[in-house]
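Structure file target34.cif (mmCIF, C-alpha atoms) follows.
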data_model
#
loop_
_atom_site.group_PDB
_atom_site.id
_atom_site.type_symbol
_atom_site.label_atom_id
_atom_site.label_comp_id
_atom_site.auth_asym_id
_atom_site.auth_seq_id
_atom_site.Cartn_x
_atom_site.Cartn_y
_atom_site.Cartn_z
ATOM 1 C CA MET A 1138 -54.487 32.964 -58.295
ATOM 2 C CA LYS A 1139 -51.606 31.243 -56.462
ATOM 3 C CA LYS A 1140 -49.563 28.513 -58.158
ATOM 4 C CA LYS A 1141 -48.867 25.331 -56.230
ATOM 5 C CA GLY A 1142 -45.263 24.132 -55.824
ATOM 6 C CA PHE A 1143 -42.197 24.190 -53.638
ATOM 7 C CA THR A 1144 -40.185 27.229 -52.834
ATOM 8 C CA ILE A 1145 -36.470 27.275 -53.509
ATOM 9 C CA ILE A 1146 -35.829 27.216 -49.737
ATOM 10 C CA GLU A 1147 -37.876 24.023 -49.311
ATOM 11 C CA VAL A 1148 -36.041 22.314 -52.163
ATOM 12 C CA ALA A 1149 -32.650 23.402 -50.798
ATOM 13 C CA LEU A 1150 -33.585 22.147 -47.334
ATOM 14 C CA VAL A 1151 -34.599 18.709 -48.654
ATOM 15 C CA LEU A 1152 -31.392 18.464 -50.699
ATOM 16 C CA ALA A 1153 -29.270 19.471 -47.689
ATOM 17 C CA ILE A 1154 -30.899 16.812 -45.487
ATOM 18 C CA ALA A 1155 -30.473 14.174 -48.204
ATOM 19 C CA GLY A 1156 -26.826 15.211 -48.597
ATOM 20 C CA LEU A 1157 -26.215 14.858 -44.845
ATOM 21 C CA ILE A 1158 -27.768 11.393 -44.777
ATOM 22 C CA PHE A 1159 -25.759 10.378 -47.842
ATOM 23 C CA MET A 1160 -22.527 11.690 -46.276
ATOM 24 C CA MET A 1161 -23.183 9.923 -42.937
ATOM 25 C CA VAL A 1162 -23.717 6.618 -44.735
ATOM 26 C CA PHE A 1163 -20.452 6.932 -46.667
ATOM 27 C CA ILE A 1164 -18.508 7.905 -43.549
ATOM 28 C CA THR A 1165 -20.015 5.249 -41.286
ATOM 29 C CA LEU A 1166 -20.259 2.297 -43.663
ATOM 30 C CA PRO A 1167 -16.498 1.764 -44.217
ATOM 31 C CA GLN A 1168 -15.934 1.879 -40.457
ATOM 32 C CA VAL A 1169 -18.646 -0.747 -39.931
ATOM 33 C CA TRP A 1170 -16.995 -2.984 -42.544
ATOM 34 C CA ARG A 1171 -13.568 -2.470 -40.946
ATOM 35 C CA THR A 1172 -14.991 -3.380 -37.538
ATOM 36 C CA GLN A 1173 -16.582 -6.535 -38.954
ATOM 37 C CA ARG A 1174 -13.296 -7.596 -40.577
ATOM 38 C CA ASP A 1175 -11.399 -6.947 -37.325
ATOM 39 C CA THR A 1176 -13.965 -8.996 -35.394
ATOM 40 C CA GLN A 1177 -13.379 -11.884 -37.810
ATOM 41 C CA ARG A 1178 -9.606 -11.482 -37.389
ATOM 42 C CA ARG A 1179 -9.930 -11.644 -33.593
ATOM 43 C CA ASP A 1180 -12.070 -14.765 -33.946
ATOM 44 C CA ASP A 1181 -9.434 -16.281 -36.254
ATOM 45 C CA MET A 1182 -6.681 -15.552 -33.711
ATOM 46 C CA LEU A 1183 -8.788 -17.102 -30.922
ATOM 47 C CA THR A 1184 -9.250 -20.172 -33.143
ATOM 48 C CA PHE A 1185 -5.498 -20.282 -33.766
ATOM 49 C CA VAL A 1186 -4.769 -20.128 -30.019
ATOM 50 C CA GLN A 1187 -7.391 -22.792 -29.219
ATOM 51 C CA ARG A 1188 -6.056 -25.166 -31.863
ATOM 52 C CA LEU A 1189 -2.522 -24.588 -30.613
ATOM 53 C CA LYS A 1190 -3.658 -25.547 -27.103
ATOM 54 C CA ASN A 1191 -5.305 -28.669 -28.543
ATOM 55 C CA PHE A 1192 -2.092 -29.523 -30.393
ATOM 56 C CA GLN A 1193 -0.035 -29.110 -27.228
ATOM 57 C CA THR A 1194 -2.439 -31.179 -25.155
ATOM 58 C CA ASN A 1195 -3.275 -33.993 -27.546
ATOM 59 C CA ASN A 1196 -0.406 -34.369 -29.969
ATOM 60 C CA ASN A 1197 2.805 -33.114 -28.503
ATOM 61 C CA ARG A 1198 2.781 -33.830 -24.721
ATOM 62 C CA GLY A 1199 2.449 -30.133 -23.937
ATOM 63 C CA ALA A 1200 5.332 -29.004 -26.131
ATOM 64 C CA LEU A 1201 5.089 -26.365 -28.822
ATOM 65 C CA PRO A 1202 5.488 -27.293 -32.463
ATOM 66 C CA SER A 1203 9.158 -27.466 -33.374
ATOM 67 C CA GLY A 1204 10.890 -24.714 -35.301
ATOM 68 C CA ASN A 1205 13.997 -24.401 -37.384
ATOM 69 C CA ASN A 1206 16.171 -23.034 -34.526
ATOM 70 C CA SER A 1207 16.418 -19.546 -36.013
ATOM 71 C CA ILE A 1208 15.219 -16.460 -34.164
ATOM 72 C CA SER A 1209 12.544 -15.732 -36.775
ATOM 73 C CA TYR A 1210 11.164 -17.490 -39.835
ATOM 74 C CA SER A 1211 7.913 -17.419 -41.748
ATOM 75 C CA PHE A 1212 5.894 -19.622 -44.068
ATOM 76 C CA SER A 1213 2.688 -19.548 -46.077
ATOM 77 C CA ARG A 1214 -0.253 -21.929 -46.233
ATOM 78 C CA ASP A 1215 1.083 -23.387 -49.482
ATOM 79 C CA GLU A 1216 4.500 -24.003 -47.933
ATOM 80 C CA ALA A 1217 2.783 -25.708 -44.986
ATOM 81 C CA LYS A 1218 0.782 -27.949 -47.333
ATOM 82 C CA ALA A 1219 4.007 -29.012 -49.050
ATOM 83 C CA THR A 1220 5.528 -30.454 -45.852
ATOM 84 C CA SER A 1221 6.067 -34.169 -45.624
ATOM 85 C CA ALA A 1222 3.208 -36.258 -44.240
ATOM 86 C CA SER A 1223 5.680 -37.794 -41.780
ATOM 87 C CA ASP A 1224 6.259 -34.343 -40.232
ATOM 88 C CA LYS A 1225 3.801 -34.247 -37.338
ATOM 89 C CA VAL A 1226 5.364 -31.744 -34.925
ATOM 90 C CA SER A 1227 6.678 -28.703 -36.819
ATOM 91 C CA TRP A 1228 4.897 -25.346 -37.067
ATOM 92 C CA LYS A 1229 4.280 -26.070 -40.753
ATOM 93 C CA ALA A 1230 2.709 -29.420 -39.885
ATOM 94 C CA PHE A 1231 0.572 -27.730 -37.222
ATOM 95 C CA TYR A 1232 -0.697 -25.233 -39.789
ATOM 96 C CA ARG A 1233 -1.201 -27.972 -42.387
ATOM 97 C CA ASP A 1234 -3.078 -30.319 -40.034
ATOM 98 C CA PHE A 1235 -5.156 -27.888 -37.971
ATOM 99 C CA PHE A 1236 -6.285 -25.357 -40.580
ATOM 100 C CA ASP A 1237 -7.878 -25.597 -43.987
ATOM 101 C CA ASP A 1238 -8.187 -23.363 -47.029
ATOM 102 C CA LEU A 1239 -10.897 -21.374 -45.270
ATOM 103 C CA PHE A 1240 -8.439 -19.976 -42.709
ATOM 104 C CA THR A 1241 -7.913 -16.691 -44.495
ATOM 105 C CA ASP A 1242 -8.046 -13.023 -43.665
ATOM 106 C CA PRO A 1243 -11.536 -11.551 -44.260
ATOM 107 C CA THR A 1244 -10.162 -9.878 -47.381
ATOM 108 C CA GLY A 1245 -9.545 -13.362 -48.823
ATOM 109 C CA GLU A 1246 -5.762 -13.355 -48.450
ATOM 110 C CA PRO A 1247 -4.293 -16.444 -46.756
ATOM 111 C CA TYR A 1248 -2.564 -15.872 -43.451
ATOM 112 C CA ARG A 1249 1.212 -16.203 -43.301
ATOM 113 C CA ILE A 1250 2.770 -17.451 -40.061
ATOM 114 C CA VAL A 1251 5.847 -15.735 -38.620
ATOM 115 C CA VAL A 1252 7.372 -17.692 -35.751
ATOM 116 C CA THR A 1253 9.748 -15.766 -33.506
ATOM 117 C CA LYS A 1254 11.346 -16.399 -30.160
ATOM 118 C CA CYS A 1255 11.114 -13.958 -27.279
ATOM 119 C CA THR A 1256 14.632 -12.791 -26.578
ATOM 120 C CA ALA A 1257 13.876 -10.742 -23.455
ATOM 121 C CA SER A 1258 16.348 -11.197 -20.648
ATOM 122 C CA ALA A 1259 15.492 -14.339 -18.702
ATOM 123 C CA SER A 1260 15.695 -12.385 -15.472
ATOM 124 C CA ARG A 1261 13.528 -9.475 -16.642
ATOM 125 C CA PHE A 1262 10.062 -10.689 -17.623
ATOM 126 C CA ASP A 1263 8.699 -7.143 -17.320
ATOM 127 C CA LEU A 1264 10.540 -6.096 -20.499
ATOM 128 C CA PRO A 1265 8.919 -6.442 -23.930
ATOM 129 C CA CYS A 1266 10.266 -9.221 -26.112
ATOM 130 C CA ASP A 1267 12.934 -7.951 -28.441
ATOM 131 C CA VAL A 1268 11.170 -9.156 -31.557
ATOM 132 C CA LYS A 1269 12.264 -6.799 -34.294
ATOM 133 C CA GLU A 1270 9.364 -7.360 -36.675
ATOM 134 C CA ALA A 1271 6.514 -7.757 -34.215
ATOM 135 C CA SER A 1272 6.034 -6.764 -30.621
ATOM 136 C CA ALA A 1273 8.914 -4.334 -30.228
ATOM 137 C CA ALA A 1274 7.416 -2.152 -32.933
ATOM 138 C CA ASN A 1275 4.813 0.378 -31.986
ATOM 139 C CA ASP A 1276 1.381 0.335 -33.583
ATOM 140 C CA ALA A 1277 2.407 2.646 -36.422
ATOM 141 C CA GLU A 1278 5.359 0.402 -37.359
ATOM 142 C CA PHE A 1279 3.618 -2.962 -36.919
ATOM 143 C CA PRO A 1280 3.117 -4.402 -40.414
ATOM 144 C CA ASN A 1281 -0.391 -5.129 -41.686
ATOM 145 C CA ASP A 1282 0.396 -7.818 -44.212
ATOM 146 C CA TYR A 1283 -1.725 -10.869 -43.282
ATOM 147 C CA LYS A 1284 0.974 -12.215 -40.954
ATOM 148 C CA ILE A 1285 0.159 -13.965 -37.711
ATOM 149 C CA TYR A 1286 3.097 -13.377 -35.375
ATOM 150 C CA VAL A 1287 3.679 -16.348 -33.091
ATOM 151 C CA VAL A 1288 6.094 -15.327 -30.326
ATOM 152 C CA GLU A 1289 7.441 -18.374 -28.479
ATOM 153 C CA GLY A 1290 8.225 -18.008 -24.768
ATOM 154 C CA ALA A 1291 5.989 -14.961 -24.424
ATOM 155 C CA LYS A 1292 2.774 -13.782 -22.841
ATOM 156 C CA CYS A 1293 0.553 -10.837 -23.732
ATOM 157 C CA ASN A 1294 0.247 -7.603 -21.852
ATOM 158 C CA GLY A 1295 -2.054 -5.364 -23.827
ATOM 159 C CA GLU A 1296 -0.774 -5.144 -27.374
ATOM 160 C CA LYS A 1297 2.798 -6.258 -26.626
ATOM 161 C CA ALA A 1298 4.468 -9.589 -25.984
ATOM 162 C CA TYR A 1299 6.598 -10.000 -22.874
ATOM 163 C CA GLY A 1300 8.883 -12.827 -21.861
ATOM 164 C CA ALA A 1301 7.178 -15.645 -19.963
ATOM 165 C CA ALA A 1302 8.760 -17.822 -17.287
ATOM 166 C CA ASN A 1303 7.146 -20.816 -19.015
ATOM 167 C CA THR A 1304 8.873 -21.401 -22.362
ATOM 168 C CA ARG A 1305 5.801 -23.291 -23.612
ATOM 169 C CA LYS A 1306 3.768 -20.089 -23.589
ATOM 170 C CA VAL A 1307 3.053 -18.403 -26.903
ATOM 171 C CA ALA A 1308 1.775 -14.922 -27.719
ATOM 172 C CA VAL A 1309 -0.186 -14.727 -30.972
ATOM 173 C CA MET A 1310 -0.293 -11.238 -32.473
ATOM 174 C CA TYR A 1311 -2.082 -9.687 -35.450
ATOM 175 C CA LYS A 1312 -2.372 -6.096 -36.664
ATOM 176 C CA LEU A 1313 -5.982 -4.926 -36.824
ATOM 177 C CA GLU A 1314 -7.160 -2.773 -39.699
ATOM 178 C CA GLY A 1315 -9.051 -0.368 -37.443
ATOM 179 C CA GLY A 1316 -5.925 0.237 -35.361
ATOM 180 C CA GLY A 1317 -4.214 -1.624 -32.597
ATOM 181 C CA VAL A 1318 -2.712 -5.077 -32.325
ATOM 182 C CA TYR A 1319 -4.590 -8.172 -31.158
ATOM 183 C CA CYS A 1320 -2.507 -10.232 -28.738
ATOM 184 C CA GLY A 1321 -3.720 -13.592 -27.430
ATOM 185 C CA GLU A 1322 -1.783 -16.309 -25.665
ATOM 186 C CA SER A 1323 -1.796 -20.054 -25.204
#
Written as structure tokens, that's how I'd like the structure from this file.
Amino acid sequence: MKKKGFTIIEVALVLAIAGLIFMMVFITLPQVWRTQRDTQRRDDMLTFVQRLKNFQTNNNRGALPSGNNSISYSFSRDEAKATSASDKVSWKAFYRDFFDDLFTDPTGEPYRIVVTKCTASASRFDLPCDVKEASAANDAEFPNDYKIYVVEGAKCNGEKAYGAANTRKVAVMYKLEGGGVYCGES
């Protein structure tokens, strides 16, 4: 009389298939999450650019928010909130007035704004902006630290910022977790 049951080969085959499915899920799932976070970051940068255009059009007669006259400076959401209510035209005031506590990276970290000026030669707009921290760095060197790089006097060409003839142009750049740099312009 024959006993009913599975052979060792059948059991091994089922375990191998289950292992492959399990492995595919654990390889694919983090990439899906990374892609979703990067999609949210792109949407946030598009929102930033749109609100900057609204600021320029409605509040500041087409001009950019004012800076502190240095080549590069940065500030956090908390520093922007601490600005005086009478300050209506600085980058900190723009951040304070046009964004709320929900404007954070998908990981929950608040964005930090780094405002830089494009220092490309005025006669050579085909050269990348010489912005040490941001666009001059290649993808491997570009920091991924929740900073939105706002490059004044620049336009985007792929993942780099280049000097723009119009000084009211701004390139907005952000390092994506899945690789690459988002660059959008106002």
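Between Tyr1283 in chain A and the residues A:Leu1201, A:Ile1250, A:Ile1164, A:Val1169, the shortest atom-to-atom distance, using all atoms listed in the file, involves A:Ile1250.
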Exercise. Residues picked by the PyMOL selection byres ((chain A and resi 1301-1304) around 6) here, as a ChimeraX atom specification?
Worked result: /A:1290-1292,1300,1305-1306
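When all atoms listed in the file are used to compute distances to Lys1284 in chain A, the closest of the residues A:Val1186, A:Val1309, A:Leu1239, A:Leu1150 turns out to be A:Val1309.
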Care to translate the PyMOL selection byres ((chain A and resi 1288) around 9) into actual residues of this file, as a compact mmCIF listing (two decimals) with C-alpha atoms, in the frame of the given file?
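See out-v5.txt below for the written result:
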# COMPACT_ATOMS: atom_id res chain seq x y z
CA VAL A 1251 5.85 -15.74 -38.62
CA VAL A 1252 7.37 -17.69 -35.75
CA THR A 1253 9.75 -15.77 -33.51
CA LYS A 1254 11.35 -16.40 -30.16
CA CYS A 1255 11.11 -13.96 -27.28
CA CYS A 1266 10.27 -9.22 -26.11
CA VAL A 1268 11.17 -9.16 -31.56
CA ALA A 1271 6.51 -7.76 -34.22
CA SER A 1272 6.03 -6.76 -30.62
CA TYR A 1286 3.10 -13.38 -35.38
CA VAL A 1287 3.68 -16.35 -33.09
CA GLU A 1289 7.44 -18.37 -28.48
CA GLY A 1290 8.22 -18.01 -24.77
CA ALA A 1291 5.99 -14.96 -24.42
CA LYS A 1292 2.77 -13.78 -22.84
CA ALA A 1298 4.47 -9.59 -25.98
CA LYS A 1306 3.77 -20.09 -23.59
CA VAL A 1307 3.05 -18.40 -26.90
CA ALA A 1308 1.78 -14.92 -27.72
CA VAL A 1309 -0.19 -14.73 -30.97
CA MET A 1310 -0.29 -11.24 -32.47
Step by step, gather every atom of range 1140-1156 of chain A that the file lists, find the box along x, y and z that holds them, add 6 Å on each side, and finally give centre and edge lengths in Å to one decimal, as JSON.
{"center_x": -38.2, "center_y": 21.3, "center_z": -51.8, "size_x": 34.7, "size_y": 26.3, "size_z": 24.7}
For this session: Carefully work through the PyMOL selection byres ((chain A and resi 1192) around 12) for this structure and note down the residues it includes, as a PyMOL selection string.
Result: chain A and resi 1185-1191+1193-1203+1225-1228+1230-1232+1234-1236+1323
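For the pair CA of Asp1175 in chain A and CA of Gly1315 in chain A, the interatomic distance is 7.0 Å.
What separates CA of Ala1155 in chain A from CA of Arg1174 in chain A is a distance of 28.8 Å.
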Exercise. Residues at most 12 Å from Arg1171 in chain A, counting only C-alpha atoms, excluding those fewer than 2 positions away in the same chain, as number ranges by chain?
Worked result: A: 1164-1169, 1173-1178, 1243-1244, 1313-1316
